[in-house]
Every structure is written in structure tokens, then in C-alpha cells.
$ cat upload-v5.cif   # mmCIF, C-alpha atoms
data_coords
#
loop_
_atom_site.group_PDB
_atom_site.id
_atom_site.type_symbol
_atom_site.label_atom_id
_atom_site.label_comp_id
_atom_site.auth_asym_id
_atom_site.auth_seq_id
_atom_site.Cartn_x
_atom_site.Cartn_y
_atom_site.Cartn_z
ATOM 1 C CA MET A 1 0.000 0.000 0.000
ATOM 2 C CA LYS A 2 2.843 2.390 0.857
ATOM 3 C CA LYS A 3 4.451 1.694 -2.506
ATOM 4 C CA ILE A 4 1.225 2.597 -4.339
ATOM 5 C CA ILE A 5 0.858 5.869 -2.386
ATOM 6 C CA LEU A 6 4.509 6.730 -3.001
ATOM 7 C CA LEU A 7 4.119 5.964 -6.710
ATOM 8 C CA LEU A 8 0.990 8.139 -6.913
ATOM 9 C CA LEU A 9 2.770 10.976 -5.116
ATOM 10 C CA ILE A 10 5.708 10.790 -7.532
ATOM 11 C CA CYS A 11 3.302 10.798 -10.507
ATOM 12 C CA LEU A 12 1.452 13.833 -9.131
ATOM 13 C CA LEU A 13 4.704 15.732 -8.608
ATOM 14 C CA PHE A 14 5.859 14.867 -12.115
ATOM 15 C CA ILE A 15 2.553 15.957 -13.671
ATOM 16 C CA SER A 16 2.336 19.186 -11.670
ATOM 17 C CA SER A 17 5.899 20.190 -12.554
ATOM 18 C CA GLY A 18 5.176 19.604 -16.252
ATOM 19 C CA CYS A 19 2.087 21.821 -16.185
ATOM 20 C CA ASN A 20 3.883 24.837 -14.751
ATOM 21 C CA CYS A 21 6.395 25.370 -17.548
ATOM 22 C CA ASN A 22 5.445 29.005 -18.280
ATOM 23 C CA LYS A 23 4.361 30.017 -14.786
ATOM 24 C CA ASN A 24 7.971 30.567 -13.706
ATOM 25 C CA SER A 25 8.845 32.391 -16.900
ATOM 26 C CA GLU A 26 9.134 36.118 -17.128
ATOM 27 C CA VAL A 27 9.649 38.592 -19.905
ATOM 28 C CA LYS A 28 13.345 39.369 -20.114
ATOM 29 C CA ILE A 29 13.779 43.157 -19.989
ATOM 30 C CA TYR A 30 16.978 44.846 -21.156
ATOM 31 C CA ASN A 31 17.818 48.541 -21.364
ATOM 32 C CA ASP A 32 20.606 50.905 -22.329
ATOM 33 C CA SER A 33 22.349 50.667 -18.980
ATOM 34 C CA THR A 34 21.854 46.998 -18.070
ATOM 35 C CA SER A 35 22.416 43.812 -20.025
ATOM 36 C CA TRP A 36 21.955 45.362 -23.488
ATOM 37 C CA LYS A 37 24.909 43.330 -24.751
ATOM 38 C CA GLU A 38 23.211 40.084 -23.671
ATOM 39 C CA TYR A 39 20.071 41.046 -25.656
ATOM 40 C CA LEU A 40 22.012 41.906 -28.802
ATOM 41 C CA ASP A 41 24.269 38.844 -28.539
ATOM 42 C CA ASP A 42 21.255 36.550 -28.119
ATOM 43 C CA PHE A 43 19.478 38.140 -31.076
ATOM 44 C CA TYR A 44 22.637 37.898 -33.201
ATOM 45 C CA GLU A 45 22.991 34.212 -32.336
ATOM 46 C CA THR A 46 19.327 33.568 -33.140
ATOM 47 C CA ILE A 47 19.372 35.206 -36.578
ATOM 48 C CA ASN A 48 22.545 33.320 -37.460
ATOM 49 C CA THR A 49 21.209 29.922 -36.402
ATOM 50 C CA GLU A 50 19.866 27.933 -39.324
ATOM 51 C CA GLY A 51 16.209 27.074 -38.810
ATOM 52 C CA ALA A 52 15.763 29.357 -35.796
ATOM 53 C CA LYS A 53 12.216 30.578 -35.336
ATOM 54 C CA TYR A 54 11.958 34.181 -34.214
ATOM 55 C CA ALA A 55 9.834 37.262 -34.698
ATOM 56 C CA ALA A 56 11.291 40.721 -34.060
ATOM 57 C CA PHE A 57 9.275 43.927 -33.741
ATOM 58 C CA ASP A 58 10.150 47.608 -33.554
ATOM 59 C CA LEU A 59 7.284 49.353 -31.746
ATOM 60 C CA ARG A 60 8.191 52.932 -32.714
ATOM 61 C CA SER A 61 6.015 55.066 -34.972
ATOM 62 C CA LYS A 62 5.849 54.096 -38.651
ATOM 63 C CA ASP A 63 7.616 57.357 -39.609
ATOM 64 C CA SER A 64 10.514 56.760 -37.196
ATOM 65 C CA TYR A 65 10.800 53.146 -38.331
ATOM 66 C CA GLU A 66 10.943 54.120 -42.017
ATOM 67 C CA ILE A 67 13.746 56.615 -41.375
ATOM 68 C CA GLU A 68 15.930 53.785 -40.068
ATOM 69 C CA HIS A 69 15.521 50.392 -38.408
ATOM 70 C CA LEU A 70 17.366 47.170 -37.737
ATOM 71 C CA ARG A 71 16.922 44.989 -40.817
ATOM 72 C CA HIS A 72 15.332 41.978 -39.101
ATOM 73 C CA PHE A 73 12.701 43.954 -37.194
ATOM 74 C CA GLN A 74 9.133 44.468 -38.422
ATOM 75 C CA ASN A 75 7.212 47.584 -37.459
ATOM 76 C CA TYR A 76 4.124 47.686 -35.289
ATOM 77 C CA ASP A 77 3.155 51.273 -34.450
ATOM 78 C CA LEU A 78 1.711 51.271 -30.928
ATOM 79 C CA ASN A 79 0.475 54.831 -31.545
ATOM 80 C CA LYS A 80 -1.999 53.424 -34.088
ATOM 81 C CA GLY A 81 -2.695 50.087 -32.386
ATOM 82 C CA ASN A 82 -2.613 48.812 -28.834
ATOM 83 C CA ILE A 83 -0.934 46.046 -26.880
ATOM 84 C CA GLU A 84 -3.951 43.723 -27.028
ATOM 85 C CA GLU A 85 -4.044 43.955 -30.841
ATOM 86 C CA PHE A 86 -0.280 43.425 -30.986
ATOM 87 C CA ASN A 87 -0.459 40.346 -28.745
ATOM 88 C CA SER A 88 -3.355 39.003 -30.818
ATOM 89 C CA TYR A 89 -1.388 39.569 -34.038
ATOM 90 C CA LEU A 90 1.602 37.682 -32.627
ATOM 91 C CA THR A 91 -0.346 34.696 -31.351
ATOM 92 C CA ASN A 92 -2.351 34.429 -34.591
ATOM 93 C CA ASN A 93 0.726 34.569 -36.827
ATOM 94 C CA TYR A 94 3.576 32.957 -34.879
ATOM 95 C CA SER A 95 3.512 29.591 -33.107
ATOM 96 C CA SER A 96 4.606 29.083 -29.521
ATOM 97 C CA LYS A 97 7.960 27.778 -30.792
ATOM 98 C CA TYR A 98 9.065 31.285 -31.805
ATOM 99 C CA LYS A 99 11.370 33.514 -29.802
ATOM 100 C CA ILE A 100 9.909 37.017 -29.613
ATOM 101 C CA TYR A 101 12.189 40.072 -29.732
ATOM 102 C CA ILE A 102 10.767 43.535 -29.118
ATOM 103 C CA TYR A 103 12.345 46.974 -29.281
ATOM 104 C CA ILE A 104 10.498 49.861 -27.626
ATOM 105 C CA GLU A 105 11.800 53.321 -26.742
ATOM 106 C CA SER A 106 10.104 53.657 -23.348
ATOM 107 C CA LEU A 107 7.972 51.498 -21.132
ATOM 108 C CA ASP A 108 6.322 52.640 -17.899
ATOM 109 C CA ASN A 109 4.759 49.290 -17.022
ATOM 110 C CA LEU A 110 7.298 46.456 -17.067
ATOM 111 C CA SER A 111 4.481 43.872 -17.101
ATOM 112 C CA PHE A 112 3.202 45.274 -20.438
ATOM 113 C CA PHE A 113 4.164 42.114 -22.355
ATOM 114 C CA ASP A 114 3.503 39.502 -19.647
ATOM 115 C CA ASP A 115 0.422 38.180 -21.482
ATOM 116 C CA LEU A 116 2.745 36.903 -24.201
ATOM 117 C CA LEU A 117 4.035 34.339 -21.712
ATOM 118 C CA ASN A 118 0.715 32.521 -22.024
ATOM 119 C CA THR A 119 1.916 31.522 -25.505
ATOM 120 C CA TYR A 120 5.679 32.066 -25.720
ATOM 121 C CA LYS A 121 8.498 30.777 -23.571
ATOM 122 C CA ASP A 122 11.108 33.290 -24.773
ATOM 123 C CA VAL A 123 10.159 36.983 -24.841
ATOM 124 C CA TYR A 124 12.966 39.557 -24.943
ATOM 125 C CA VAL A 125 12.295 43.301 -24.685
ATOM 126 C CA TYR A 126 14.897 46.016 -25.247
ATOM 127 C CA ILE A 127 13.943 49.435 -23.824
ATOM 128 C CA GLY A 128 15.960 52.508 -24.771
ATOM 129 C CA SER A 129 16.541 55.367 -27.146
ATOM 130 C CA TYR A 130 16.946 54.469 -30.799
ATOM 131 C CA GLU A 131 20.322 56.218 -30.922
ATOM 132 C CA SER A 132 21.638 53.950 -28.165
ATOM 133 C CA PHE A 133 20.104 50.869 -29.788
ATOM 134 C CA ARG A 134 21.706 51.867 -33.092
ATOM 135 C CA ASN A 135 25.112 52.554 -31.570
ATOM 136 C CA LEU A 136 25.109 49.351 -29.522
ATOM 137 C CA GLY A 137 24.210 47.164 -32.499
ATOM 138 C CA ASP A 138 26.223 48.974 -35.146
ATOM 139 C CA GLU A 139 29.009 46.377 -35.308
ATOM 140 C CA LEU A 140 26.711 43.332 -35.476
ATOM 141 C CA PHE A 141 23.717 44.345 -37.575
ATOM 142 C CA VAL A 142 22.603 46.044 -40.760
ATOM 143 C CA PHE A 143 20.292 49.038 -40.457
ATOM 144 C CA ASP A 144 17.909 49.949 -43.274
ATOM 145 C CA SER A 145 15.428 52.661 -44.149
ATOM 146 C CA GLY A 146 12.007 52.406 -45.750
ATOM 147 C CA GLU A 147 9.057 50.123 -45.110
ATOM 148 C CA TYR A 148 9.451 46.584 -43.822
ATOM 149 C CA ASP A 149 10.007 44.173 -46.713
ATOM 150 C CA CYS A 150 9.687 40.486 -45.919
ATOM 151 C CA ASN A 151 11.083 39.549 -49.364
ATOM 152 C CA CYS A 152 8.050 37.299 -49.812
#
$ encode --input "upload-v5.cif" --output "C-alpha cells"
Amino acid sequence: MKKIILLLLICLLFISSGCNCNKNSEVKIYNDSTSWKEYLDDFYETINTEGAKYAAFDLRSKDSYEIEHLRHFQNYDLNKGNIEEFNSYLTNNYSSKYKIYIYIESLDNLSFFDDLLNTYKDVYVYIGSYESFRNLGDELFVFDSGEYDCNC
């Protein structure tokens, strides 16, 4: 009888630990003064890994984005949309296997993107001025101007 109870307890622990995979996750926030290099290095590694699944978004205005942006980032203008629409767009277009990279100039509420953790395991957000973002990534990345072109 003790063996059966012990076996059931082990099974319950195993099942409960498997169900909590995203509950301990958190959006990884980086900014100009802390850990920016880790964000850029991780993104660089991702885009240079064959078969890597990622989606990268620049949340500045469309006009600012078209002046200059990091080549791999798509634009989503939060001035014209909102976070719920953005989250809905992501979950409808990108599977849970994707890493999500976001660039935003300022963010008052650090839990702004927490809802994405319901779908994605890896969510990385860089917060800072575009000039800093540009200068920090200048050696690793190509910066373009104009509208986003997926080359589809």
C-alpha cells in the first residue's frame, strides 16, 4: 500500500511540474544601462542559427521606423494600435515555438508584455533610445530605411 501511495505521489509531482512550464517564466527586460549586450548577442545568435524561429518587432512610430531600423525587425506602431491587438497579431501569426524580440523606446509598465508568456516561452524586450540601440548594435547588424520588406 505504501508503494502505491509513493508511486501516486511521484506521478502527481511529475505531472504538476510539467504543467507549470510558463508560470515561472518572465519577460526578459533589457535597457541601455543593463544587459543590453546580452540582448544583442542573443538576437545575433538567433538570426545566425539555421532554422531558428523568431519574430522581431520595432514598436516605434511608422515614420521613425521608415527613417531607419534594424533589418530583421518588423514595425508595429503602438500609436496606431494597442498592446492587445499586438499580442493578438503575434499569437495568430507565430507559433509558440518562436522567440519574440521587441524593441520599444520607453515602457512605464514592465508587465506590459507579460500576457505573451501565455503563448511564448522566450520573450525579450529592449527598452531605450533608438540612438543607443543603433550605436550598440552597429558592429553586429545592418540598419535599413524604408518600409518593412519580408522579401516574400
$ closest_residue --input "upload-v5.cif" --among "A:Glu68, A:Asp41, A:Asp32, A:Asp63" --to "Lys80 (chain A)" --atoms "all atoms listed in the file"
A:Asp63
$ residues_around --input "upload-v5.cif" --residues "region 130-140 of chain A" --least-positions-apart "3" --cutoff "10 Å" --atoms "all atoms listed in the file" --output "short mmCIF file (atom, residue, chain, number, x, y, z; two decimals) with C-alpha atoms, in the coordinates of the input"
data_model
loop_
_atom_site.label_atom_id
_atom_site.label_comp_id
_atom_site.auth_asym_id
_atom_site.auth_seq_id
_atom_site.Cartn_x
_atom_site.Cartn_y
_atom_site.Cartn_z
CA ASN A 31 17.82 48.54 -21.36
CA ASP A 32 20.61 50.90 -22.33
CA SER A 33 22.35 50.67 -18.98
CA TRP A 36 21.96 45.36 -23.49
CA LYS A 37 24.91 43.33 -24.75
CA LEU A 40 22.01 41.91 -28.80
CA ASP A 41 24.27 38.84 -28.54
CA PHE A 43 19.48 38.14 -31.08
CA TYR A 44 22.64 37.90 -33.20
CA ARG A 60 8.19 52.93 -32.71
CA SER A 64 10.51 56.76 -37.20
CA TYR A 65 10.80 53.15 -38.33
CA GLU A 68 15.93 53.78 -40.07
CA HIS A 69 15.52 50.39 -38.41
CA LEU A 70 17.37 47.17 -37.74
CA TYR A 103 12.34 46.97 -29.28
CA ILE A 104 10.50 49.86 -27.63
CA GLU A 105 11.80 53.32 -26.74
CA TYR A 126 14.90 46.02 -25.25
CA ILE A 127 13.94 49.44 -23.82
CA PHE A 143 20.29 49.04 -40.46
#
$ resolve_selection --input "upload-v5.cif" --expression "the PyMOL selection byres ((chain A and resi 94) around 12)" --output "ChimeraX atom specification"
/A:53-56,86-93,95-100,116,119-120
$ closest_residue --input "upload-v5.cif" --among "A:Ser145, A:Ser35, A:Ser61, A:Thr49" --to "Gly81 (chain A)" --atoms "all atoms listed in the file"
A:Ser61
$ residues_near_point --input "upload-v5.cif" --point "(4.1, 34.0, -21.1)" --cutoff "8 Å" --atoms "all atoms listed in the file" --output "MDAnalysis selection string"
chainID A and resid 22:23 25:27 114:123
$ atom_distance --input "upload-v5.cif" --atom1 "CA of Ser111 (chain A)" --atom2 "CA of Glu84 (chain A)"
13.0 Å
$ atom_distance --input "upload-v5.cif" --atom1 "CA of Tyr76 (chain A)" --atom2 "CA of Leu59 (chain A)"
5.0 Å
$ closest_residue --input "upload-v5.cif" --among "A:Glu38, A:Asp108, A:Glu45, A:Asp58" --to "Leu78 (chain A)" --atoms "only C-alpha atoms"
A:Asp58
$ atom_distance --input "upload-v5.cif" --atom1 "CA of Asn48 (chain A)" --atom2 "CA of Gly146 (chain A)"
23.3 Å
$ closest_residue --input "upload-v5.cif" --among "A:Ser106, A:Phe57, A:Phe73, A:Asn82" --to "Ser129 (chain A)" --atoms "only C-alpha atoms"
A:Ser106
$ decode --input "upload-v5.cif" --residues "region 121-144 of chain A" --atoms "N, CA, C and O atoms" --output "compact mmCIF listing (two decimals), in the first residue's frame"
# COMPACT_ATOMS: atom_id res chain seq x y z
N LYS A 121 7.55 31.04 -24.66
CA LYS A 121 8.50 30.78 -23.57
C LYS A 121 9.58 31.85 -23.52
O LYS A 121 10.04 32.23 -22.45
N ASP A 122 10.00 32.33 -24.68
CA ASP A 122 11.11 33.29 -24.77
C ASP A 122 10.63 34.62 -25.32
O ASP A 122 10.33 34.74 -26.52
N VAL A 123 10.55 35.63 -24.45
CA VAL A 123 10.16 36.98 -24.84
C VAL A 123 11.24 37.92 -24.33
O VAL A 123 11.53 37.98 -23.13
N TYR A 124 11.87 38.65 -25.27
CA TYR A 124 12.97 39.56 -24.94
C TYR A 124 12.56 40.97 -25.35
O TYR A 124 12.18 41.21 -26.49
N VAL A 125 12.69 41.92 -24.42
CA VAL A 125 12.29 43.30 -24.69
C VAL A 125 13.48 44.21 -24.40
O VAL A 125 14.05 44.18 -23.31
N TYR A 126 13.85 45.01 -25.41
CA TYR A 126 14.90 46.02 -25.25
C TYR A 126 14.22 47.37 -25.13
O TYR A 126 13.43 47.75 -26.00
N ILE A 127 14.52 48.11 -24.06
CA ILE A 127 13.94 49.44 -23.82
C ILE A 127 15.08 50.45 -23.87
O ILE A 127 16.05 50.32 -23.13
N GLY A 128 14.95 51.46 -24.73
CA GLY A 128 15.96 52.51 -24.77
C GLY A 128 15.81 53.39 -25.99
O GLY A 128 15.00 53.13 -26.88
N SER A 129 16.60 54.43 -26.02
CA SER A 129 16.54 55.37 -27.15
C SER A 129 17.04 54.67 -28.41
O SER A 129 17.89 53.77 -28.34
N TYR A 130 16.52 55.09 -29.54
CA TYR A 130 16.95 54.47 -30.80
C TYR A 130 18.43 54.72 -31.05
O TYR A 130 19.14 53.84 -31.54
N GLU A 131 18.91 55.90 -30.70
CA GLU A 131 20.32 56.22 -30.92
C GLU A 131 21.22 55.23 -30.18
O GLU A 131 22.21 54.75 -30.72
N SER A 132 20.86 54.93 -28.94
CA SER A 132 21.64 53.95 -28.16
C SER A 132 21.54 52.56 -28.79
O SER A 132 22.54 51.85 -28.92
N PHE A 133 20.33 52.17 -29.16
CA PHE A 133 20.10 50.87 -29.79
C PHE A 133 20.95 50.76 -31.05
O PHE A 133 21.62 49.76 -31.30
N ARG A 134 20.95 51.81 -31.84
CA ARG A 134 21.71 51.87 -33.09
C ARG A 134 23.21 51.75 -32.83
O ARG A 134 23.92 50.98 -33.45
N ASN A 135 23.68 52.56 -31.88
CA ASN A 135 25.11 52.55 -31.57
C ASN A 135 25.57 51.22 -31.00
O ASN A 135 26.65 50.74 -31.32
N LEU A 136 24.74 50.61 -30.15
CA LEU A 136 25.11 49.35 -29.52
C LEU A 136 25.15 48.20 -30.53
O LEU A 136 25.95 47.29 -30.42
N GLY A 137 24.28 48.25 -31.53
CA GLY A 137 24.21 47.16 -32.50
C GLY A 137 24.93 47.43 -33.80
O GLY A 137 24.90 46.60 -34.71
N ASP A 138 25.60 48.55 -33.89
CA ASP A 138 26.22 48.97 -35.15
C ASP A 138 27.23 47.97 -35.70
O ASP A 138 27.32 47.78 -36.91
N GLU A 139 27.98 47.31 -34.84
CA GLU A 139 29.01 46.38 -35.31
C GLU A 139 28.44 45.03 -35.74
O GLU A 139 29.06 44.32 -36.52
N LEU A 140 27.26 44.66 -35.23
CA LEU A 140 26.71 43.33 -35.48
C LEU A 140 25.64 43.28 -36.56
O LEU A 140 25.45 42.24 -37.19
N PHE A 141 24.93 44.39 -36.76
CA PHE A 141 23.72 44.35 -37.57
C PHE A 141 23.73 45.35 -38.72
O PHE A 141 24.49 46.30 -38.72
N VAL A 142 22.82 45.12 -39.65
CA VAL A 142 22.60 46.04 -40.76
C VAL A 142 21.36 46.86 -40.44
O VAL A 142 20.34 46.31 -40.02
N PHE A 143 21.43 48.15 -40.66
CA PHE A 143 20.29 49.04 -40.46
C PHE A 143 19.83 49.55 -41.81
O PHE A 143 20.64 49.88 -42.67
N ASP A 144 18.51 49.56 -42.01
CA ASP A 144 17.91 49.95 -43.27
C ASP A 144 16.97 51.12 -43.07
O ASP A 144 16.65 51.49 -41.94
